Every structure is written in structure tokens, then in C-alpha cells.
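Shown here: coords.cif, mmCIF, C-alpha atoms, pLDDT in the B column; chains and numbers go by the auth columns.
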data_final
#
loop_
_atom_site.group_PDB
_atom_site.id
_atom_site.type_symbol
_atom_site.label_atom_id
_atom_site.label_comp_id
_atom_site.label_asym_id
_atom_site.label_seq_id
_atom_site.Cartn_x
_atom_site.Cartn_y
_atom_site.Cartn_z
_atom_site.B_iso_or_equiv
_atom_site.auth_seq_id
_atom_site.auth_asym_id
ATOM 1 C CA LEU A 1 247.643 219.183 150.814 71.00 1 A
ATOM 2 C CA GLN A 2 243.872 219.653 150.750 70.00 2 A
ATOM 3 C CA ALA A 3 244.191 223.260 151.923 76.00 3 A
ATOM 4 C CA ARG A 4 246.865 224.017 149.326 78.00 4 A
ATOM 5 C CA VAL A 5 244.767 222.558 146.514 75.00 5 A
ATOM 6 C CA HIS A 6 241.670 224.427 147.692 73.00 6 A
ATOM 7 C CA GLN A 7 243.684 227.643 147.816 79.00 7 A
ATOM 8 C CA ALA A 8 244.913 227.066 144.254 80.00 8 A
ATOM 9 C CA VAL A 9 241.525 226.247 142.677 77.00 9 A
ATOM 10 C CA GLY A 10 239.312 228.379 144.906 72.00 10 A
ATOM 11 C CA SER A 11 235.578 227.775 144.895 69.00 11 A
ATOM 12 C CA LEU A 12 235.477 226.393 141.352 65.00 12 A
ATOM 13 C CA VAL A 13 235.489 222.785 142.503 67.00 13 A
ATOM 14 C CA SER A 14 234.745 220.629 145.508 67.00 14 A
ATOM 15 C CA VAL A 15 237.919 219.374 147.193 62.00 15 A
ATOM 16 C CA THR A 16 238.034 216.355 149.509 63.00 16 A
ATOM 17 C CA ARG A 17 240.849 214.249 150.917 61.00 17 A
ATOM 18 C CA GLY A 18 241.398 210.625 151.813 59.00 18 A
ATOM 19 C CA VAL A 19 241.531 209.447 155.411 58.00 19 A
ATOM 20 C CA VAL A 20 244.292 206.825 155.326 58.00 20 A
ATOM 21 C CA GLY A 21 247.219 205.795 153.190 60.00 21 A
ATOM 22 C CA GLU A 22 248.986 207.936 150.635 64.00 22 A
ATOM 23 C CA PRO A 23 248.019 211.613 150.334 68.00 23 A
ATOM 24 C CA LEU A 24 244.959 211.884 148.122 69.00 24 A
ATOM 25 C CA VAL A 25 242.945 214.885 147.049 71.00 25 A
ATOM 26 C CA GLU A 26 239.871 214.559 144.841 72.00 26 A
ATOM 27 C CA MET A 27 238.427 217.487 142.940 71.00 27 A
ATOM 28 C CA GLY A 28 235.112 217.646 141.172 71.00 28 A
ATOM 29 C CA SER A 29 232.625 220.106 139.790 72.00 29 A
ATOM 30 C CA LYS A 30 230.212 221.487 142.362 72.00 30 A
ATOM 31 C CA THR A 31 227.369 221.092 139.850 77.00 31 A
ATOM 32 C CA VAL A 32 228.006 217.446 139.001 79.00 32 A
ATOM 33 C CA ASN A 33 227.987 214.509 141.405 88.00 33 A
ATOM 34 C CA LYS A 34 227.904 210.735 141.280 92.00 34 A
ATOM 35 C CA GLY A 35 224.279 210.660 142.402 94.00 35 A
ATOM 36 C CA ARG A 36 223.087 212.715 139.440 93.00 36 A
ATOM 37 C CA ILE A 37 225.215 210.740 137.018 93.00 37 A
ATOM 38 C CA LEU A 38 223.937 207.415 138.372 96.00 38 A
ATOM 39 C CA GLU A 39 220.346 208.671 138.261 96.00 39 A
ATOM 40 C CA LYS A 40 220.710 209.749 134.601 95.00 40 A
ATOM 41 C CA PHE A 41 222.396 206.468 133.664 96.00 41 A
ATOM 42 C CA ALA A 42 219.684 204.464 135.402 97.00 42 A
ATOM 43 C CA ALA A 43 216.878 206.468 133.759 97.00 43 A
ATOM 44 C CA ARG A 44 218.384 205.838 130.332 97.00 44 A
ATOM 45 C CA HIS A 45 218.198 202.108 131.047 97.00 45 A
ATOM 46 C CA GLY A 46 214.766 202.057 132.680 98.00 46 A
ATOM 47 C CA ILE A 47 216.155 201.463 136.170 98.00 47 A
ATOM 48 C CA GLU A 48 214.640 203.167 139.210 97.00 48 A
ATOM 49 C CA ALA A 49 216.346 204.098 142.471 96.00 49 A
ATOM 50 C CA HIS A 50 214.616 201.299 144.383 97.00 50 A
ATOM 51 C CA GLU A 51 216.438 198.813 142.106 97.00 51 A
ATOM 52 C CA VAL A 52 219.937 200.205 142.761 97.00 52 A
ATOM 53 C CA MET A 53 222.654 199.257 145.217 97.00 53 A
ATOM 54 C CA ALA A 54 225.662 201.583 145.385 97.00 54 A
ATOM 55 C CA PHE A 55 228.911 201.421 147.334 97.00 55 A
ATOM 56 C CA GLY A 56 231.167 204.260 148.397 95.00 56 A
ATOM 57 C CA ASP A 57 233.976 205.323 150.685 91.00 57 A
ATOM 58 C CA MET A 58 234.545 209.054 150.160 85.00 58 A
ATOM 59 C CA PRO A 59 232.463 212.220 150.619 84.00 59 A
ATOM 60 C CA ASN A 60 232.039 212.519 146.855 85.00 60 A
ATOM 61 C CA ASP A 61 229.908 209.347 147.052 92.00 61 A
ATOM 62 C CA THR A 62 227.323 211.002 149.332 93.00 62 A
ATOM 63 C CA GLU A 63 224.646 211.864 146.771 93.00 63 A
ATOM 64 C CA MET A 64 225.015 208.469 145.111 96.00 64 A
ATOM 65 C CA LEU A 65 224.445 206.599 148.384 97.00 65 A
ATOM 66 C CA GLU A 66 221.494 208.843 149.227 97.00 66 A
ATOM 67 C CA TRP A 67 219.870 208.271 145.822 97.00 67 A
ATOM 68 C CA ALA A 68 220.228 204.481 145.677 97.00 68 A
ATOM 69 C CA ARG A 69 217.798 202.283 147.580 96.00 69 A
ATOM 70 C CA MET A 70 220.709 200.511 149.194 96.00 70 A
ATOM 71 C CA GLY A 71 223.561 202.953 149.708 97.00 71 A
ATOM 72 C CA VAL A 72 226.406 201.077 151.387 98.00 72 A
ATOM 73 C CA ALA A 73 229.517 202.631 152.932 97.00 73 A
ATOM 74 C CA MET A 74 232.708 200.648 153.109 96.00 74 A
ATOM 75 C CA GLY A 75 234.008 199.886 156.593 95.00 75 A
ATOM 76 C CA ASN A 76 237.014 202.120 155.957 91.00 76 A
ATOM 77 C CA ALA A 77 234.874 204.958 154.570 92.00 77 A
ATOM 78 C CA HIS A 78 235.344 208.612 155.404 88.00 78 A
ATOM 79 C CA PRO A 79 233.492 209.276 158.705 90.00 79 A
ATOM 80 C CA MET A 80 231.138 211.733 156.972 88.00 80 A
ATOM 81 C CA LEU A 81 229.856 208.992 154.684 92.00 81 A
ATOM 82 C CA LEU A 82 229.061 206.586 157.528 91.00 82 A
ATOM 83 C CA GLY A 83 226.190 208.817 158.649 90.00 83 A
ATOM 84 C CA VAL A 84 224.699 208.962 155.152 93.00 84 A
ATOM 85 C CA ALA A 85 224.802 205.283 154.228 96.00 85 A
ATOM 86 C CA LYS A 86 221.854 202.991 154.758 96.00 86 A
ATOM 87 C CA ALA A 87 224.276 200.182 155.616 96.00 87 A
ATOM 88 C CA VAL A 88 227.982 199.735 156.345 97.00 88 A
ATOM 89 C CA THR A 89 230.013 196.736 155.247 97.00 89 A
ATOM 90 C CA THR A 90 233.568 195.647 155.928 96.00 90 A
ATOM 91 C CA SER A 91 236.466 197.427 154.250 93.00 91 A
ATOM 92 C CA ASN A 92 237.493 196.943 150.656 86.00 92 A
ATOM 93 C CA ASP A 93 240.440 194.895 151.949 91.00 93 A
ATOM 94 C CA GLU A 94 237.939 192.535 153.609 95.00 94 A
ATOM 95 C CA ASP A 95 235.750 191.947 150.527 95.00 95 A
ATOM 96 C CA GLY A 96 233.054 194.346 151.746 96.00 96 A
ATOM 97 C CA VAL A 97 231.284 194.644 148.387 96.00 97 A
ATOM 98 C CA ALA A 98 231.273 190.880 147.834 96.00 98 A
ATOM 99 C CA ARG A 99 229.899 190.262 151.334 96.00 99 A
ATOM 100 C CA VAL A 100 226.921 192.550 150.766 96.00 100 A
ATOM 101 C CA ILE A 101 226.172 191.185 147.319 94.00 101 A
ATOM 102 C CA ASP A 102 226.425 187.619 148.622 95.00 102 A
ATOM 103 C CA ALA A 103 224.082 188.368 151.536 94.00 103 A
ATOM 104 C CA TRP A 104 221.619 190.341 149.398 87.00 104 A
ATOM 105 C CA PHE A 105 221.322 187.778 146.636 86.00 105 A
#
Encoded form using C-alpha cells:
Amino acid sequence: LQARVHQAVGSLVSVTRGVVGEPLVEMGSKTVNKGRILEKFAARHGIEAHEVMAFGDMPNDTEMLEWARMGVAMGNAHPMLLGVAKAVTTSNDEDGVARVIDAWF
């Protein structure tokens, strides 16, 4: 599915796929990413990277986890993201976000 979508849209967008469950393909602009969007949002509100915790599970979360002080990958995250994250929590089915927030605060 990922190859077919990539073939159809060419190099216009970034194409990634899920690792488990139902077939999933995500497409996004190569010039826009969650890290940039989060950085702009934070700047508008006077928040700096060292004040941000972000969670992700797919390759399109990479820049966001790199930008945030505490970039956390879910336990069921795409293998590529595990090497980028500053921490790894349990899966979303095991309350991974809540566990980190509870431990942090």
C-alpha cells in the first residue's frame, strides 16, 4: 500500500506506513512537520523547547520529539522513532502517556 501511494503521489509528499493493525498510510508535506508546527505554536505562547514534553509513535513525529526537551516514544512506536526519542514509555494501550506524566509531575 505504501509503495502504491508513493508511486501515485511521487516526491510531492512524505509517505509513511503503520507497523501494526489495519493498513495505514500517512502523507504530509516535505516542507512542513510536527516539530516546526509545535515550535511555532510554542513561540506564539512564550513557551521554549526546554518546557515541552511531546509524545509520538510514527516517523512523522521525529522532528517533534527531537525539538521537545522530553521527546517520548510510545512502546509500540515505529522502530525508527525509538532511536530518536529521549525516553520510551509503554504503549498507548498501556496508558503510556499517563504513566510518563504521572512520573514527571
Sel. within 9 Å of pt (223.9, 204.4, 151.7), counting all atoms listed in the file, output as a list of chain:residue names: A:Met53, A:Ala54, A:Phe55, A:Gly56, A:Thr62, A:Glu63, A:Met64, A:Leu65, A:Glu66, A:Trp67, A:Ala68, A:Arg69, A:Met70, A:Gly71, A:Val72, A:Ala73, A:Leu81, A:Leu82, A:Gly83, A:Val84, A:Ala85, A:Lys86, A:Ala87, A:Val88
Two-atom distance - CA of Asp93 (chain A), CA of Val25 (chain A) (Å):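 Going from CA of Asp93 (chain A) over to CA of Val25 (chain A) covers 20.7 Å.
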Using only C-alpha atoms: which of A:Met27, A:Ala8, A:Leu1, A:Ala103 has the shortest distance to Asn60 (chain A):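 Among the listed residues, A:Met27 lies closest to Asn60 (chain A).
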Using all atoms listed in the file, can you tell me which of A:Gln7, A:Ile47, A:Asp61, A:His78 comes closest to Gly28 (chain A)?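 Smallest distance to Gly28 (chain A) is found for A:Asp61.
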If I take CA of Pro59 (chain A) and CA of Asn76 (chain A), how far is one from the other in Å, to one decimal?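 It comes out at 12.3 Å.
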Just to confirm, what's the straight-line distance from CA of Glu51 (chain A) to CA of Ile101 (chain A) in Å (one decimal)? 13.4 Å
Tell me which residues come within 12 Å of (227.0, 215.7, 139.3), as a count of residues only, counting only C-alpha atoms in the file's coordinates. 21
